[in-house]
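Trainee: Sharing a structure with you now.
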Amino acid sequence: MKIKKLAVSGLLTALALVIFIVEAQIPMPIPGVKLGLANVITVSAVFLLGGKEACLILLARILLGSLFAGASTLPYSLCGGLCSIVTVLLAQRIVHQKQMWVLCVLSGIAHNLGQMAMAVLITRTPSILIYLPVLLISGIVTGTFTGLCTQLCVPRLRGKFHME
């Protein structure tokens, strides 16, 4: 089972990285807003493989993604990603599996809060928090979309990978 988990982890990491790179090419009308499609993979990994593996997939995607997107994105991605995964791991204990979409909404909000906290820390400009409501609304909207995708994907992936 360990080899199967490692193989699935590698596939999900590669898939998350490809999604991240493709999504980076999509122009968004609001600066700083992304769909967060790679989060579908991260949250799916929590349910398919467990928290530890999902964290490793997320870290690998962030580190490798920063090589492609530029190292200047690393602190923001790392802070947002860690806030996001911690939120998912804590909330999954109280959110039923049939409501995975809720986890992605919470994850999107946590990601935006983490990135804003890092931006304030790096720039030492608290006034940028005025942009926070825009990011929180986008986190809710995109989190709902990625959450519904996750909710559709996990049962199908579980069946394909025979993960229990």
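Note on naming: chains are A, B, ... as they come in the structure tokens, residues start from 1 per chain, ligands start from 1 in the order shown.
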Write out as an MDAnalysis selection string the residues lying within 9 Å of Leu135 in chain A, counting only C-alpha atoms and excluding same-chain residues fewer than 6 positions away.
Mentor: chainID A and resid 32:33 109 112:113 116
Trainee: Excluding same-chain residues fewer than 3 positions from Thr13 in chain A, what lies within 6 Å of it counting only C-alpha atoms, as a list in words?
Mentor: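 Within the cut-off, the hits are Gly10, Ala16 and Ile57 of chain A.
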Trainee: Store the residues picked out above in a file with N, CA and C atoms, as a tab-separated table (two decimals), in the first residue's frame.
Mentor:
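part_3.tsv written:
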chain	number	residue	atom	x	y	z
A	10	GLY	N	2.65	11.13	-6.17
A	10	GLY	CA	3.42	11.69	-7.28
A	10	GLY	C	2.53	12.17	-8.41
A	16	ALA	N	-1.30	18.75	-9.81
A	16	ALA	CA	-1.46	20.06	-9.15
A	16	ALA	C	-0.52	21.09	-9.75
A	57	ILE	N	2.18	17.15	-0.81
A	57	ILE	CA	1.80	17.50	-2.17
A	57	ILE	C	1.72	19.02	-2.31
Trainee: Do a neighbour search on Gly108 in chain A at 10 Å with only C-alpha atoms, toss out local chain neighbours closer than 6 positions, and write the hits as a ChimeraX atom specification.
Mentor: /A:34-36,39,80-81,83-85,87-88,102,114,135-144,146-147
Trainee: Rank A:Ile3, A:Glu23, A:Leu12, A:Val40 by their smallest atom-to-atom distance to Val105 in chain A, using only C-alpha atoms, and report the top residue only.
Mentor: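 Between A:Ile3, A:Glu23, A:Leu12, A:Val40, the residue approaching Val105 in chain A most closely is A:Val40.
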Trainee: Do you know which residues are at most 10 Å from range 62-76 of chain A counting only C-alpha atoms, after dropping those on the same chain fewer than 6 positions away, and could you put them as a PyMOL selection string?
Mentor: chain A and resi 13-14+16-18+20-21+24+56+82+111-112+114-119+122
Trainee: Mind giving me the straight-line distance from CA of Lys52 in chain A to CA of Val86 in chain A in Å, one decimal?
Mentor: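 Between CA of Lys52 in chain A and CA of Val86 in chain A the gap works out to 10.9 Å.
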Trainee: Pull the alpha helix (DSSP H) assignments for chain A out of DSSP run on the backbone, and list those residues as a PyMOL selection string.
Mentor: chain A and resi 2-24+38-48+51-69+74-91+100-123+132-161
Trainee: Interatomic distance between CA of Lys4 in chain A and CA of Cys55 in chain A?
Mentor: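 These two atoms are separated by 17.4 Å.
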Trainee: Of the candidates A:Ile19, A:Cys79, A:Leu106, A:Leu58, which one gets nearest to Gln92 in chain A if we count only C-alpha atoms?
Mentor: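 Closest to Gln92 in chain A of all the choices is A:Leu106.
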Trainee: In Å to one decimal, how far is CA of Phe47 in chain A from CA of Lys98 in chain A?
Mentor: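 Between CA of Lys98 in chain A and CA of Phe47 in chain A the gap works out to 11.5 Å.
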Trainee: Excluding Lys5 in chain A and residues on its chain fewer than 5 positions from it, collect all residues at most 10 Å away from it, counting only C-alpha atoms, and give them as a list in words.
Mentor: Gly10, Leu11, Leu48, Leu49, Gly50, Glu53, Phe161 and Met163 of chain A
